[in-house]
Amino acid sequence: MPPLCYNKKDDFIYYEKGFSVFNMFKKLAKSLREYKRPAILTILFMIGEAIVESLIPYITADYLINEIQKNGENVEMAAILKIGLILVLMAMLSLSFGGAAGFTSAKAAAGFSKNLRHDLFMRVQSFSFHNIDKFSSASLVTRLTTDVNYVQMSFMMLIRIAIRSPLMLLFSIIMAARLGGVLSLTFALIIPVLAFGLILIAKKAMPAFHRVFKKYDRLNESVEENVRGMRVVKGFAREDYEKKRFAKAADDICEDFTKAERIVAFNNPLMNFCMYFNMAAVLLLGSYLAIARPESGVMIGQMSALITYGVQVLMSLMMLSMIYVMLTISAESARRICEVLDEVPDMEVAKDPVKEVKDGSIVFEKVNFKYAKDAAVNTLSDINLNIASGMTVGILGGTGAGKTTLVQLIPRLYDVTEGKILVGGVDVRDYDLETIRNGVAMVLQKNLLFAGTIKENLRWGNPDASDAEIEEACRLAQADEFVKTFPEGYDTHIEQGGNNVSGGQKQRLCIARALLKKPKILILDDSTSAVDTRTDALIRAGFRTYLPDTTKIIIAQRVSSVQDADLILVMDNGKIAASGTHKTLLASNDIYREIYEQQTKGGEDHAEA
């Protein structure tokens, strides 16, 4: 169960009973690693700075001001200069400690956040599709950026201010009590008032800060969807709607931050009130005792030191309240980060994994599958299938028939719920994940190209591919011709998502990328839907010559794309309704025959490249 619970009615996040925030930060501290040394040095520097700063007012009051008051004109200048030199050296020492702590804390905090982002990213990379489905992409981006930033700031505060402030508070109270005597009792009045006020302010601000993070997810989601779907947004003239949607998400964040900052803003006036009250109390009481009751022994030095210590005490309390607020904010960020770090990849790694895919044979044995364990109905039911290595298999079926789900089980993007899948005679769960996925090349429905040159995108299939191999793969995928029309050819820059090439061009480049892997199994998930039938036929002909021993699985909407396959599967409602060649299915299966007749009588689609 999550350590923080959400009260939907009050839109408030609260800690579960028995949950330890310390354990959560202890988990995050594992990302510190090589930056432990600068973190420890920062703590030592902060201790040194606190000790020196606490001693300066004491020495100033007792050895300088009081000496001058006692001896008046008879004071020795040599002694005064000696004390002054000591104070200068102490001030320089304090400055050195503070400067060194600033350097080491920055190094430790930046390094910690770098490692934490690395750990988060590596964890996400280890997830199966099922794990990834639990988090939206916008939420993962927020966790890797905003949440890590908050944790980084809190970590820096912990090793600097959270060390310095309590020590300054403790040392200042001790020194004030030792030096001030009865005057130090003014602290007993003002410290509880300030402490209570600061804690109350922090508690009032907490709920607003908590709500912000889910709203950050919604804001990022709005931006991400708008950028990715820009063509659709403009095509439907929905710019105004998207602007309003973004503005609402931004206004929600602004409203919560304004509410929280408005509450936190009371820190300064409360601090100033307490500070000036303390100064006035010390001056009034001290002056009265010094003038009316000289036997009390109150001197000017004591009054000066108590005012200084009072400021130090109050500033320390204020900084502690800010740490409390910051830790409260970052506790929610830390929880969201730990959700990702604690997410256990649901694909168990074999103890002695197989490191080689022998061939492209595929066997489904009584396979059932559902995306959620508690789902009432299977997405795939009773799948039994035997595909020999080198075969070409076509898959047809309506939307939601389970075609994509079926092929995603082969490279183990999901694990079967029941039954087993053998590739090359070995259960896919017994393979090393990298091995099985390198042995299977998939060209998905949503073709994705990355920012970079065409060559860089194609070398995702084979990092060591030569220029000649790249060009050959593109010729087979019918991409070489249009690539050479670009002024920079294969060095043409592709924008993020491949937005500067057409849908058909993007599909052909993705097919070329898959061909460069020279896989044991090649899966095309409706990957030629944006090319015309002639180009589609040329691509399939290239497969036969370039990858004769590779098992080819083609999911398509057009019968013409699969009619020359060795085996055609007709899927319906998560089951294999029929299987066979084009000729046998025409004679025996009503679904296949209906699809074929609709397409041939109505004329085949001629999608433009």
# chains A, B, ... in the order shown; residues from 1 in each chain; ligands from 1
$ select_by_dssp --residues "region 91-156 of chain A" --states "alpha helix (DSSP H)" --output "PyMOL selection string"
chain A and resi 91-125+129-132+137-142+148-156
$ residues_around --residues "Ala138 (chain A)" --least-positions-apart "2" --cutoff "8 Å" --atoms "only C-alpha atoms" --output "JSON, numbers by chain"
{"A": [136, 140, 141, 142, 217, 218, 220, 221, 224]}
$ write_last_selection --atoms "N, CA and C atoms" --output "PDB file, in the first residue's frame"
ATOM      1  N   SER A 136       1.486   7.148 -16.529  1.00  0.00           N
ATOM      2  CA  SER A 136       1.383   7.896 -17.781  1.00  0.00           C
ATOM      3  C   SER A 136       2.759   8.459 -18.114  1.00  0.00           C
ATOM      4  N   LEU A 140       5.677  10.212 -15.625  1.00  0.00           N
ATOM      5  CA  LEU A 140       7.077   9.794 -15.547  1.00  0.00           C
ATOM      6  C   LEU A 140       8.012  10.963 -15.815  1.00  0.00           C
ATOM      7  N   VAL A 141       7.649  11.823 -16.767  1.00  0.00           N
ATOM      8  CA  VAL A 141       8.468  13.002 -17.062  1.00  0.00           C
ATOM      9  C   VAL A 141       8.507  13.919 -15.837  1.00  0.00           C
ATOM     10  N   THR A 142       7.357  14.119 -15.193  1.00  0.00           N
ATOM     11  CA  THR A 142       7.302  14.968 -14.004  1.00  0.00           C
ATOM     12  C   THR A 142       8.172  14.396 -12.890  1.00  0.00           C
ATOM     13  N   ASP A 217       1.293  16.819 -13.355  1.00  0.00           N
ATOM     14  CA  ASP A 217       1.097  15.722 -14.305  1.00  0.00           C
ATOM     15  C   ASP A 217       0.097  16.114 -15.382  1.00  0.00           C
ATOM     16  N   ARG A 218      -1.012  16.734 -14.967  1.00  0.00           N
ATOM     17  CA  ARG A 218      -2.041  17.125 -15.931  1.00  0.00           C
ATOM     18  C   ARG A 218      -1.528  18.211 -16.878  1.00  0.00           C
ATOM     19  N   ASN A 220       1.691  18.685 -17.806  1.00  0.00           N
ATOM     20  CA  ASN A 220       2.622  18.037 -18.734  1.00  0.00           C
ATOM     21  C   ASN A 220       1.881  17.188 -19.759  1.00  0.00           C
ATOM     22  N   GLU A 221       0.823  16.522 -19.304  1.00  0.00           N
ATOM     23  CA  GLU A 221       0.034  15.703 -20.217  1.00  0.00           C
ATOM     24  C   GLU A 221      -0.614  16.570 -21.296  1.00  0.00           C
ATOM     25  N   GLU A 224       2.191  17.561 -23.730  1.00  0.00           N
ATOM     26  CA  GLU A 224       2.645  16.413 -24.514  1.00  0.00           C
ATOM     27  C   GLU A 224       1.632  16.039 -25.595  1.00  0.00           C
TER      28      GLU A 224
END
$ residues_around --residues "region 83-100 of chain A" --least-positions-apart "6" --cutoff "8 Å" --atoms "only C-alpha atoms" --output "VMD selection string"
chain A and resid 42 45 to 46 48 to 49 52 to 53 56 59 to 60 63 to 64
$ closest_residue --among "A:Ala305, A:Leu55, A:Phe236, A:Asp119" --to "Leu32 (chain A)" --atoms "only C-alpha atoms"
A:Asp119
$ residues_around --residues "region 440-455 of chain A" --least-positions-apart "3" --cutoff "7 Å" --atoms "only C-alpha atoms" --output "VMD selection string"
chain A and resid 411 436 to 437 458 to 459 490 to 498 506 to 507 510 to 511 514 517 519 to 527
$ closest_residue --among "A:Ser502, A:Asn226, A:Asn589, A:Ser333" --to "Phe482 (chain A)" --atoms "only C-alpha atoms"
A:Ser502
$ closest_residue --among "A:Gly402, A:Pro487, A:Pro353, A:Gly229" --to "Ile576 (chain A)" --atoms "only C-alpha atoms"
A:Gly402
$ residues_around --residues "Arg336 (chain A)" --least-positions-apart "5" --cutoff "9 Å" --atoms "only C-alpha atoms" --output "list in words"
Arg143, Asp147, Ala331 and Leu341 of chain A
$ closest_residue --among "A:Ala106, A:Ala250, A:Val357, A:Ala473" --to "Asp430 (chain A)" --atoms "only C-alpha atoms"
A:Val357
$ residues_around --residues "Ile263 (chain A)" --least-positions-apart "3" --cutoff "8 Å" --atoms "only C-alpha atoms" --output "CSV table (one decimal) with N, CA and C atoms, in the first residue's frame"
chain,number,residue,atom,x,y,z
A,201,ILE,N,1.9,27.7,10.4
A,201,ILE,CA,2.0,28.2,9.0
A,201,ILE,C,2.4,27.0,8.1
A,204,LYS,N,-0.6,24.6,7.6
A,204,LYS,CA,-1.6,25.2,6.7
A,204,LYS,C,-1.2,25.1,5.3
A,205,ALA,N,0.1,25.3,5.0
A,205,ALA,CA,0.6,25.3,3.6
A,205,ALA,C,0.7,24.0,3.0
A,259,LYS,N,-1.9,30.1,-3.0
A,259,LYS,CA,-2.5,29.9,-1.7
A,259,LYS,C,-1.4,29.5,-0.7
A,260,ALA,N,-0.5,28.6,-1.1
A,260,ALA,CA,0.5,28.1,-0.3
A,260,ALA,C,1.5,29.3,0.1
A,266,PHE,N,3.5,34.7,5.8
A,266,PHE,CA,3.4,35.2,7.1
A,266,PHE,C,4.6,34.9,8.0
$ closest_residue --among "A:Arg335, A:Arg245, A:Arg540, A:Arg178" --to "Thr528 (chain A)" --atoms "only C-alpha atoms"
A:Arg540
$ select_by_dssp --residues "region 322-531 of chain A" --states "strand (DSSP E)" --output "ChimeraX atom specification"
/A:362-369,380-387,392-397,418-423,426-427,440-443,452-453,493-494,521-525
$ write_last_selection --atoms "C-alpha atoms" --output "CSV table (one decimal), in the first residue's frame"
chain,number,residue,atom,x,y,z
A,362,ILE,CA,7.2,-20.2,-33.1
A,363,VAL,CA,4.9,-22.4,-31.1
A,364,PHE,CA,1.9,-21.2,-29.0
A,365,GLU,CA,0.7,-23.9,-26.6
A,366,LYS,CA,-2.7,-23.3,-24.9
A,367,VAL,CA,-2.0,-19.6,-24.5
A,368,ASN,CA,-4.4,-17.3,-22.6
A,369,PHE,CA,-3.7,-13.7,-21.9
A,380,LEU,CA,-6.5,-13.9,-26.0
A,381,SER,CA,-8.1,-17.3,-25.4
A,382,ASP,CA,-6.9,-20.9,-26.2
A,383,ILE,CA,-4.2,-19.9,-28.8
A,384,ASN,CA,-2.5,-23.0,-30.3
A,385,LEU,CA,-0.2,-22.3,-33.2
A,386,ASN,CA,2.8,-23.8,-34.9
A,387,ILE,CA,4.9,-21.7,-37.2
A,392,THR,CA,5.4,-16.0,-43.9
A,393,VAL,CA,2.3,-15.7,-41.8
A,394,GLY,CA,-0.5,-13.2,-42.4
A,395,ILE,CA,-3.0,-12.1,-39.7
A,396,LEU,CA,-6.3,-10.5,-40.5
A,397,GLY,CA,-9.2,-9.5,-38.2
A,418,GLU,CA,-1.5,-19.2,-19.1
A,419,GLY,CA,0.3,-21.6,-21.4
A,420,LYS,CA,3.6,-20.9,-23.1
A,421,ILE,CA,5.3,-19.6,-26.2
A,422,LEU,CA,8.4,-21.3,-27.7
A,423,VAL,CA,10.7,-19.5,-30.1
A,426,VAL,CA,12.8,-22.5,-26.1
A,427,ASP,CA,10.2,-20.9,-23.9
A,440,VAL,CA,12.7,-10.4,-33.0
A,441,ALA,CA,12.3,-7.1,-35.0
A,442,MET,CA,8.9,-5.3,-34.7
A,443,VAL,CA,7.6,-2.5,-36.9
A,452,GLY,CA,18.7,12.8,-35.7
A,453,THR,CA,19.8,11.9,-39.2
A,493,HIS,CA,17.9,15.5,-40.2
A,494,ILE,CA,14.7,13.9,-38.9
A,521,ILE,CA,11.5,-13.2,-36.7
A,522,LEU,CA,10.2,-10.0,-38.4
A,523,ILE,CA,6.8,-8.7,-37.3
A,524,LEU,CA,5.0,-6.0,-39.3
A,525,ASP,CA,2.0,-4.7,-37.4
$ residues_around --residues "Arg164 (chain A)" --least-positions-apart "4" --cutoff "12 Å" --atoms "only C-alpha atoms" --output "PyMOL selection string"
chain A and resi 42-54+97-98+101+156-160+168-172+312-313+315-317+319-320+323
$ atom_distance --atom1 "CA of Asp572 (chain A)" --atom2 "CA of Ile553 (chain A)"
17.4 Å
$ closest_residue --among "A:Ala202, A:Cys254, A:Ala265, A:Ala372" --to "Phe129 (chain A)" --atoms "only C-alpha atoms"
A:Ala372
